[in-house]
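Undergrad: Below is the file input.pdb, with PDB, C-alpha atoms, pLDDT in the B column.
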```pdb
MODEL        1
ATOM      1  CA  MET A   1      17.409   5.245  24.008  1.00 50.00           C
ATOM      2  CA  PRO A   2      20.602   3.354  24.889  1.00 63.00           C
ATOM      3  CA  MET A   3      21.683   0.370  22.831  1.00 66.00           C
ATOM      4  CA  ASN A   4      24.219  -2.288  23.784  1.00 60.00           C
ATOM      5  CA  ARG A   5      27.564  -2.472  21.984  1.00 70.00           C
ATOM      6  CA  ALA A   6      26.602  -5.300  19.596  1.00 63.00           C
ATOM      7  CA  HIS A   7      23.435  -3.483  18.627  1.00 56.00           C
ATOM      8  CA  ARG A   8      25.297  -0.200  18.008  1.00 66.00           C
ATOM      9  CA  LYS A   9      27.867  -2.040  15.912  1.00 68.00           C
ATOM     10  CA  LEU A  10      25.202  -3.698  13.765  1.00 64.00           C
ATOM     11  CA  CYS A  11      23.136  -0.533  13.261  1.00 66.00           C
ATOM     12  CA  SER A  12      26.193   1.492  12.217  1.00 69.00           C
ATOM     13  CA  SER A  13      27.529  -1.185   9.857  1.00 70.00           C
ATOM     14  CA  GLN A  14      27.699  -1.075   6.084  1.00 80.00           C
ATOM     15  CA  GLN A  15      26.024  -4.496   6.071  1.00 83.00           C
ATOM     16  CA  TRP A  16      22.945  -3.055   7.817  1.00 69.00           C
ATOM     17  CA  ALA A  17      22.919   0.003   5.517  1.00 78.00           C
ATOM     18  CA  GLN A  18      22.914  -2.282   2.481  1.00 87.00           C
ATOM     19  CA  ALA A  19      20.134  -4.467   3.912  1.00 83.00           C
ATOM     20  CA  VAL A  20      18.058  -1.345   4.555  1.00 77.00           C
ATOM     21  CA  LYS A  21      18.595  -0.122   0.996  1.00 89.00           C
ATOM     22  CA  ASP A  22      18.029  -3.470  -0.724  1.00 92.00           C
ATOM     23  CA  ARG A  23      15.314  -5.066   1.418  1.00 88.00           C
ATOM     24  CA  LEU A  24      13.864  -3.129   4.334  1.00 89.00           C
ATOM     25  CA  LEU A  25      12.907   0.198   2.752  1.00 93.00           C
ATOM     26  CA  PRO A  26      11.597  -1.231  -0.529  1.00 95.00           C
ATOM     27  CA  TRP A  27       9.307  -3.540   1.454  1.00 95.00           C
ATOM     28  CA  ALA A  28       8.319  -0.996   4.130  1.00 96.00           C
ATOM     29  CA  LEU A  29       7.523   1.710   1.587  1.00 97.00           C
ATOM     30  CA  GLU A  30       5.945  -0.435  -1.121  1.00 96.00           C
ATOM     31  CA  ASP A  31       3.103   1.574  -2.714  1.00 95.00           C
ATOM     32  CA  VAL A  32       3.697   4.549  -0.360  1.00 97.00           C
ATOM     33  CA  GLU A  33       3.884   8.042  -1.907  1.00 97.00           C
ATOM     34  CA  LEU A  34       6.178  10.028   0.378  1.00 98.00           C
ATOM     35  CA  GLY A  35       5.662  13.377  -1.330  1.00 98.00           C
ATOM     36  CA  GLU A  36       8.061  16.282  -1.283  1.00 98.00           C
ATOM     37  CA  ASP A  37       8.526  17.109   2.416  1.00 98.00           C
ATOM     38  CA  VAL A  38       9.319  14.130   4.666  1.00 98.00           C
ATOM     39  CA  VAL A  39      10.118  13.725   8.366  1.00 98.00           C
ATOM     40  CA  GLU A  40      12.019  10.683   9.594  1.00 98.00           C
ATOM     41  CA  ILE A  41      11.680  10.023  13.321  1.00 98.00           C
ATOM     42  CA  GLY A  42      14.594   8.190  14.918  1.00 95.00           C
ATOM     43  CA  PRO A  43      17.107   7.839  12.089  1.00 95.00           C
ATOM     44  CA  GLY A  44      19.793   6.445  14.396  1.00 89.00           C
ATOM     45  CA  TYR A  45      23.056   6.062  12.507  1.00 89.00           C
ATOM     46  CA  GLY A  46      21.420   7.065   9.221  1.00 92.00           C
ATOM     47  CA  ALA A  47      20.976   3.844   7.230  1.00 92.00           C
ATOM     48  CA  ASN A  48      17.453   4.917   6.212  1.00 93.00           C
ATOM     49  CA  LEU A  49      18.360   8.571   5.860  1.00 94.00           C
ATOM     50  CA  ARG A  50      21.060   7.859   3.272  1.00 93.00           C
ATOM     51  CA  VAL A  51      18.440   6.174   1.067  1.00 94.00           C
ATOM     52  CA  LEU A  52      15.627   8.660   1.682  1.00 97.00           C
ATOM     53  CA  VAL A  53      17.784  11.706   0.957  1.00 96.00           C
ATOM     54  CA  ASP A  54      18.030  10.555  -2.673  1.00 95.00           C
ATOM     55  CA  GLN A  55      14.288   9.827  -2.949  1.00 95.00           C
ATOM     56  CA  VAL A  56      12.652  13.002  -1.638  1.00 97.00           C
ATOM     57  CA  PRO A  57      13.222  16.720  -2.270  1.00 97.00           C
ATOM     58  CA  ARG A  58      13.218  17.746   1.429  1.00 98.00           C
ATOM     59  CA  LEU A  59      14.029  15.524   4.401  1.00 98.00           C
ATOM     60  CA  THR A  60      13.977  16.404   8.093  1.00 98.00           C
ATOM     61  CA  ALA A  61      15.460  13.865  10.514  1.00 98.00           C
ATOM     62  CA  VAL A  62      14.499  14.007  14.203  1.00 98.00           C
ATOM     63  CA  GLU A  63      17.036  12.170  16.404  1.00 96.00           C
ATOM     64  CA  ILE A  64      16.770  12.000  20.207  1.00 95.00           C
ATOM     65  CA  ASP A  65      20.437  11.185  20.907  1.00 93.00           C
ATOM     66  CA  GLY A  66      22.646  14.289  20.788  1.00 95.00           C
ATOM     67  CA  ASP A  67      25.853  12.538  19.740  1.00 92.00           C
ATOM     68  CA  THR A  68      24.063  10.655  16.976  1.00 92.00           C
ATOM     69  CA  ALA A  69      22.321  13.828  15.797  1.00 96.00           C
ATOM     70  CA  GLY A  70      25.754  15.480  15.619  1.00 96.00           C
ATOM     71  CA  LEU A  71      27.115  12.583  13.568  1.00 94.00           C
ATOM     72  CA  LEU A  72      24.156  12.826  11.180  1.00 95.00           C
ATOM     73  CA  GLN A  73      24.620  16.587  10.911  1.00 97.00           C
ATOM     74  CA  ARG A  74      28.273  16.139   9.920  1.00 97.00           C
ATOM     75  CA  GLN A  75      27.464  13.412   7.388  1.00 95.00           C
ATOM     76  CA  TRP A  76      24.148  14.582   5.935  1.00 96.00           C
ATOM     77  CA  GLY A  77      23.529  18.135   7.137  1.00 96.00           C
ATOM     78  CA  ASP A  78      24.192  19.578   3.690  1.00 97.00           C
ATOM     79  CA  ARG A  79      21.373  17.424   2.215  1.00 97.00           C
ATOM     80  CA  ALA A  80      18.880  17.035   5.081  1.00 98.00           C
ATOM     81  CA  ARG A  81      17.696  19.062   8.042  1.00 98.00           C
ATOM     82  CA  ILE A  82      18.893  17.273  11.186  1.00 98.00           C
ATOM     83  CA  LEU A  83      17.178  18.068  14.490  1.00 98.00           C
ATOM     84  CA  HIS A  84      18.314  16.911  17.913  1.00 98.00           C
ATOM     85  CA  ALA A  85      14.831  16.443  19.345  1.00 98.00           C
ATOM     86  CA  ASP A  86      12.383  13.926  20.777  1.00 97.00           C
ATOM     87  CA  GLY A  87       9.964  12.299  18.317  1.00 97.00           C
ATOM     88  CA  SER A  88       7.261  12.486  20.984  1.00 97.00           C
ATOM     89  CA  ASP A  89       7.608  16.304  21.156  1.00 98.00           C
ATOM     90  CA  MET A  90       8.915  17.541  17.801  1.00 98.00           C
ATOM     91  CA  PRO A  91       9.748  21.233  17.322  1.00 98.00           C
ATOM     92  CA  LEU A  92       7.960  21.241  13.965  1.00 98.00           C
ATOM     93  CA  PRO A  93       4.879  23.137  12.755  1.00 98.00           C
ATOM     94  CA  ASP A  94       1.410  21.622  12.535  1.00 98.00           C
ATOM     95  CA  ASP A  95      -0.089  20.376   9.245  1.00 98.00           C
ATOM     96  CA  THR A  96       3.098  20.835   7.183  1.00 98.00           C
ATOM     97  CA  TYR A  97       4.674  17.582   5.997  1.00 98.00           C
ATOM     98  CA  SER A  98       3.629  15.225   3.205  1.00 98.00           C
ATOM     99  CA  SER A  99       4.803  12.148   5.112  1.00 98.00           C
ATOM    100  CA  VAL A 100       6.327  10.999   8.375  1.00 98.00           C
ATOM    101  CA  VAL A 101       8.295   7.752   8.548  1.00 98.00           C
ATOM    102  CA  CYS A 102      10.059   5.684  11.183  1.00 97.00           C
ATOM    103  CA  PHE A 103      11.919   2.427  10.698  1.00 94.00           C
ATOM    104  CA  THR A 104      13.080  -0.151  13.265  1.00 88.00           C
ATOM    105  CA  MET A 105      12.976   2.381  16.091  1.00 89.00           C
ATOM    106  CA  LEU A 106       9.606   2.037  17.824  1.00 93.00           C
ATOM    107  CA  HIS A 107      10.825  -0.945  19.869  1.00 85.00           C
ATOM    108  CA  HIS A 108      13.467   1.377  21.389  1.00 86.00           C
ATOM    109  CA  VAL A 109      10.752   3.594  22.862  1.00 91.00           C
ATOM    110  CA  PRO A 110      10.386   2.310  26.438  1.00 91.00           C
ATOM    111  CA  THR A 111       6.622   2.627  26.937  1.00 95.00           C
ATOM    112  CA  ASP A 112       3.456   2.259  24.904  1.00 96.00           C
ATOM    113  CA  ALA A 113       2.406   5.732  26.101  1.00 97.00           C
ATOM    114  CA  LEU A 114       5.532   7.280  24.551  1.00 97.00           C
ATOM    115  CA  GLN A 115       5.006   5.325  21.349  1.00 97.00           C
ATOM    116  CA  ASP A 116       1.439   6.647  21.254  1.00 98.00           C
ATOM    117  CA  ARG A 117       2.803  10.165  21.768  1.00 98.00           C
ATOM    118  CA  ILE A 118       5.049   9.646  18.705  1.00 98.00           C
ATOM    119  CA  PHE A 119       1.977   8.589  16.716  1.00 98.00           C
ATOM    120  CA  ALA A 120       0.149  11.727  17.889  1.00 98.00           C
ATOM    121  CA  GLU A 121       3.109  13.933  16.934  1.00 98.00           C
ATOM    122  CA  ALA A 122       3.326  12.325  13.492  1.00 98.00           C
ATOM    123  CA  PHE A 123      -0.369  13.087  13.049  1.00 98.00           C
ATOM    124  CA  ARG A 124       0.074  16.687  14.232  1.00 98.00           C
ATOM    125  CA  VAL A 125       2.874  17.592  11.814  1.00 98.00           C
ATOM    126  CA  LEU A 126       1.304  15.885   8.777  1.00 98.00           C
ATOM    127  CA  ARG A 127      -0.777  17.944   6.385  1.00 98.00           C
ATOM    128  CA  PRO A 128      -4.256  16.598   5.580  1.00 98.00           C
ATOM    129  CA  GLY A 129      -3.879  13.641   3.227  1.00 98.00           C
ATOM    130  CA  GLY A 130      -0.343  12.964   4.470  1.00 98.00           C
ATOM    131  CA  VAL A 131       0.872   9.457   5.211  1.00 98.00           C
ATOM    132  CA  PHE A 132       2.572   7.948   8.259  1.00 98.00           C
ATOM    133  CA  ALA A 133       4.528   4.815   7.352  1.00 98.00           C
ATOM    134  CA  GLY A 134       7.267   2.632   8.719  1.00 97.00           C
ATOM    135  CA  SER A 135       8.414  -0.705  10.013  1.00 94.00           C
ATOM    136  CA  ASP A 136       9.638  -2.378  13.150  1.00 92.00           C
ATOM    137  CA  GLY A 137      10.976  -5.690  14.359  1.00 84.00           C
ATOM    138  CA  GLN A 138       9.070  -8.411  16.143  1.00 71.00           C
ATOM    139  CA  PRO A 139      10.192 -10.713  18.951  1.00 67.00           C
ATOM    140  CA  SER A 140      12.318 -13.715  18.037  1.00 64.00           C
ATOM    141  CA  LEU A 141      15.266 -15.383  19.741  1.00 60.00           C
ATOM    142  CA  ARG A 142      17.763 -13.490  17.568  1.00 66.00           C
ATOM    143  CA  PHE A 143      15.938 -10.184  18.118  1.00 62.00           C
ATOM    144  CA  ARG A 144      15.887 -10.726  21.878  1.00 60.00           C
ATOM    145  CA  LEU A 145      19.606 -11.592  21.944  1.00 58.00           C
ATOM    146  CA  LEU A 146      20.445  -8.446  19.987  1.00 57.00           C
ATOM    147  CA  HIS A 147      18.524  -6.438  22.582  1.00 58.00           C
ATOM    148  CA  PHE A 148      20.190  -7.956  25.660  1.00 61.00           C
ATOM    149  CA  ARG A 149      20.337  -5.115  28.226  1.00 68.00           C
ATOM    150  CA  ASP A 150      18.708  -2.897  25.634  1.00 72.00           C
ATOM    151  CA  THR A 151      15.291  -1.287  25.430  1.00 72.00           C
ATOM    152  CA  MET A 152      12.923  -3.645  23.608  1.00 71.00           C
ATOM    153  CA  ASN A 153       9.251  -2.700  23.642  1.00 80.00           C
ATOM    154  CA  THR A 154       7.879  -4.229  20.456  1.00 85.00           C
ATOM    155  CA  VAL A 155       4.578  -3.141  18.953  1.00 92.00           C
ATOM    156  CA  ALA A 156       1.960  -5.872  18.604  1.00 93.00           C
ATOM    157  CA  PRO A 157       0.753  -5.934  14.974  1.00 95.00           C
ATOM    158  CA  ALA A 158      -2.827  -6.717  16.081  1.00 96.00           C
ATOM    159  CA  ASP A 159      -2.915  -3.643  18.358  1.00 97.00           C
ATOM    160  CA  LEU A 160      -1.304  -1.120  16.027  1.00 97.00           C
ATOM    161  CA  PRO A 161      -4.329  -0.237  13.825  1.00 98.00           C
ATOM    162  CA  ALA A 162      -6.370   0.799  16.886  1.00 98.00           C
ATOM    163  CA  ARG A 163      -3.452   2.767  18.314  1.00 98.00           C
ATOM    164  CA  LEU A 164      -2.996   4.629  15.019  1.00 98.00           C
ATOM    165  CA  ALA A 165      -6.742   5.293  14.839  1.00 98.00           C
ATOM    166  CA  ALA A 166      -6.647   6.644  18.415  1.00 98.00           C
ATOM    167  CA  ALA A 167      -4.020   9.169  17.244  1.00 98.00           C
ATOM    168  CA  GLY A 168      -6.450  10.307  14.538  1.00 98.00           C
ATOM    169  CA  PHE A 169      -5.254   8.320  11.531  1.00 98.00           C
ATOM    170  CA  THR A 170      -7.568   6.655   9.024  1.00 97.00           C
ATOM    171  CA  GLU A 171      -6.996   3.692   6.737  1.00 94.00           C
ATOM    172  CA  PRO A 172      -4.407   2.009   8.996  1.00 97.00           C
ATOM    173  CA  VAL A 173      -2.824  -1.022   7.364  1.00 97.00           C
ATOM    174  CA  VAL A 174      -0.423  -3.318   9.224  1.00 97.00           C
ATOM    175  CA  ASP A 175       1.123  -6.499   7.915  1.00 95.00           C
ATOM    176  CA  CYS A 176       4.093  -8.724   8.659  1.00 94.00           C
ATOM    177  CA  HIS A 177       6.954  -9.784   6.423  1.00 90.00           C
ATOM    178  CA  PRO A 178       6.554 -13.440   5.396  1.00 85.00           C
ATOM    179  CA  GLU A 179      10.190 -14.307   6.194  1.00 81.00           C
ATOM    180  CA  SER A 180      11.462 -11.955   8.901  1.00 80.00           C
ATOM    181  CA  GLY A 181       8.143 -11.490  10.711  1.00 79.00           C
ATOM    182  CA  GLY A 182       8.836  -7.751  10.997  1.00 89.00           C
ATOM    183  CA  LEU A 183       5.871  -5.440  10.676  1.00 95.00           C
ATOM    184  CA  ARG A 184       5.176  -2.548   8.336  1.00 97.00           C
ATOM    185  CA  PHE A 185       2.419   0.006   8.692  1.00 98.00           C
ATOM    186  CA  ARG A 186       0.867   2.935   6.917  1.00 98.00           C
ATOM    187  CA  ALA A 187      -1.990   5.251   7.788  1.00 98.00           C
ATOM    188  CA  ARG A 188      -3.337   8.549   6.515  1.00 98.00           C
ATOM    189  CA  LYS A 189      -4.283  11.876   8.060  1.00 98.00           C
ATOM    190  CA  PRO A 190      -7.784  12.740   6.831  1.00 98.00           C
TER     191      PRO A 190
ENDMDL
END
```
Output the file's structure as structure tokens, nothing else.
TA:
Amino acid sequence: MPMNRAHRKLCSSQQWAQAVKDRLLPWALEDVELGEDVVEIGPGYGANLRVLVDQVPRLTAVEIDGDTAGLLQRQWGDRARILHADGSDMPLPDDTYSSVVCFTMLHHVPTDALQDRIFAEAFRVLRPGGVFAGSDGQPSLRFRLLHFRDTMNTVAPADLPARLAAAGFTEPVVDCHPESGGLRFRARKP
């Protein structure tokens, strides 16, 4: 999904990578057991991937943008499996992965139906007992300015548990960060 120049610059910056490492991922994954075989949907420029690759034995990253997938392959392909593919139609086997994660990417998916398809795909590739977890931003003036002429389809925290349950997940938990307002979620495949 296209991003404007300012957004691309921020997401590819060392400042963003450090914020992801120090604040975003520790909060988003608090009390989440990822297991040994993890899929990240929508890694973008790899800020999350560079942290996850040191935390899990096997990591598969599914990136929709071909150029970005190529960049990730060059940077991380020796330590993670990088796939140029759509998170709503992943070329991965059923019931295989211990966890699926996605961070600050759902708002780049242009429709709720496509977001729901990503939830269904996460459910499909997870093994029973696997966890789907992640985070995303919420509307604010700064967030809206960053997304000027960008895709911005935020997920309503109040609606997300029902949407995850509709995909088949149980135990959906959604909460918002007390300072940033961003949401985090986790749910389990029974």
Undergrad: Mind pulling up the distance from CA of Glu171 (chain A) to CA of Ile82 (chain A)?
TA: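 Between CA of Ile82 (chain A) and CA of Glu171 (chain A) the gap is 29.6 Å.
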Undergrad: Looking at all atoms listed in the file, which of A:Leu59, A:Leu34, A:Ala47, A:Leu114 is the one that sits closest to Ser98 (chain A)?
TA: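 Closest residue, counting all atoms listed in the file: A:Leu34.
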Undergrad: Quick one, how far is CA of Gly130 (chain A) from CA of Val100 (chain A)?
TA: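 These atoms are spaced 8.0 Å apart.
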Undergrad: Given only C-alpha atoms as the basis, pick out the residue of A:Pro190, A:Pro128, A:Gly134, A:Gly87 nearest to Val109 (chain A).
TA: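 That would be A:Gly87, the residue with the smallest distance to Val109 (chain A).
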Undergrad: Using Å and a single decimal, report how far CA of Gly137 (chain A) sits from CA of Pro178 (chain A).
TA: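 Computed distance, CA of Pro178 (chain A) to CA of Gly137 (chain A), equals 12.6 Å.
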Undergrad: Within 8 Å of (9.1, 13.9, 3.9) (file coordinates; all atoms listed in the file), which protein or nucleic acid residues are there? I'd like them as a ChimeraX atom specification.
TA: /A:34-40,56-60,97-101
Undergrad: Within 7 Å of Cys102 (chain A), counting all atoms listed in the file, which residues show up once you throw out same-chain ones fewer than 3 positions away? Write them as a tab-separated table (two decimals) with C-alpha atoms, in the coordinates of the input, please.
TA:
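To be explicit, this is the file written out as result.tsv:
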```tsv
chain	number	residue	atom	x	y	z
A	40	GLU	CA	12.02	10.68	9.59
A	41	ILE	CA	11.68	10.02	13.32
A	42	GLY	CA	14.59	8.19	14.92
A	105	MET	CA	12.98	2.38	16.09
A	133	ALA	CA	4.53	4.82	7.35
A	134	GLY	CA	7.27	2.63	8.72
A	135	SER	CA	8.41	-0.70	10.01
```
Undergrad: Give me the residues near Thr111 (chain A) as a ChimeraX atom specification, where near means some atom within 12 Å (using only C-alpha atoms) and where sequence neighbours in that chain fewer than 6 positions away do not count.
TA: /A:1,88,117-118,151-155
Undergrad: Applied to this file, what does the PyMOL selection byres ((chain A and resi 186) around 8) return in terms of residues, put as a list of chain:residue names?
TA: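 Applied to this file, the PyMOL selection byres ((chain A and resi 186) around 8) returns A:Val32, A:Val131, A:Phe132, A:Ala133, A:Gly134, A:Glu171, A:Pro172, A:Val173, A:Val174, A:Arg184, A:Phe185, A:Ala187, A:Arg188.
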Undergrad: Could you give me the centre and size, in Å to one decimal, of an axis-aligned box around all listed atoms of region 104-121 of chain A with 4 Å added on every side, as JSON?
TA:
```
{"center_x": 6.8, "center_y": 6.5, "center_z": 20.1, "size_x": 21.3, "size_y": 22.9, "size_z": 21.7}
```
Undergrad: I'd like the residues picked by the PyMOL selection byres ((chain A and resi 20) around 12) written out as number ranges by chain, using the chain letters and numbers from the file.
TA: A: 10-19, 21-29, 43, 45-52, 103-104, 135
Undergrad: Which residue, A:Asp31, A:Trp76, A:His177, A:Asp136, has the smallest gap to His107 (chain A) when you use all atoms listed in the file?
TA: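 Going through A:Asp31, A:Trp76, A:His177, A:Asp136 one by one, the smallest distance to His107 (chain A) is for A:Asp136.
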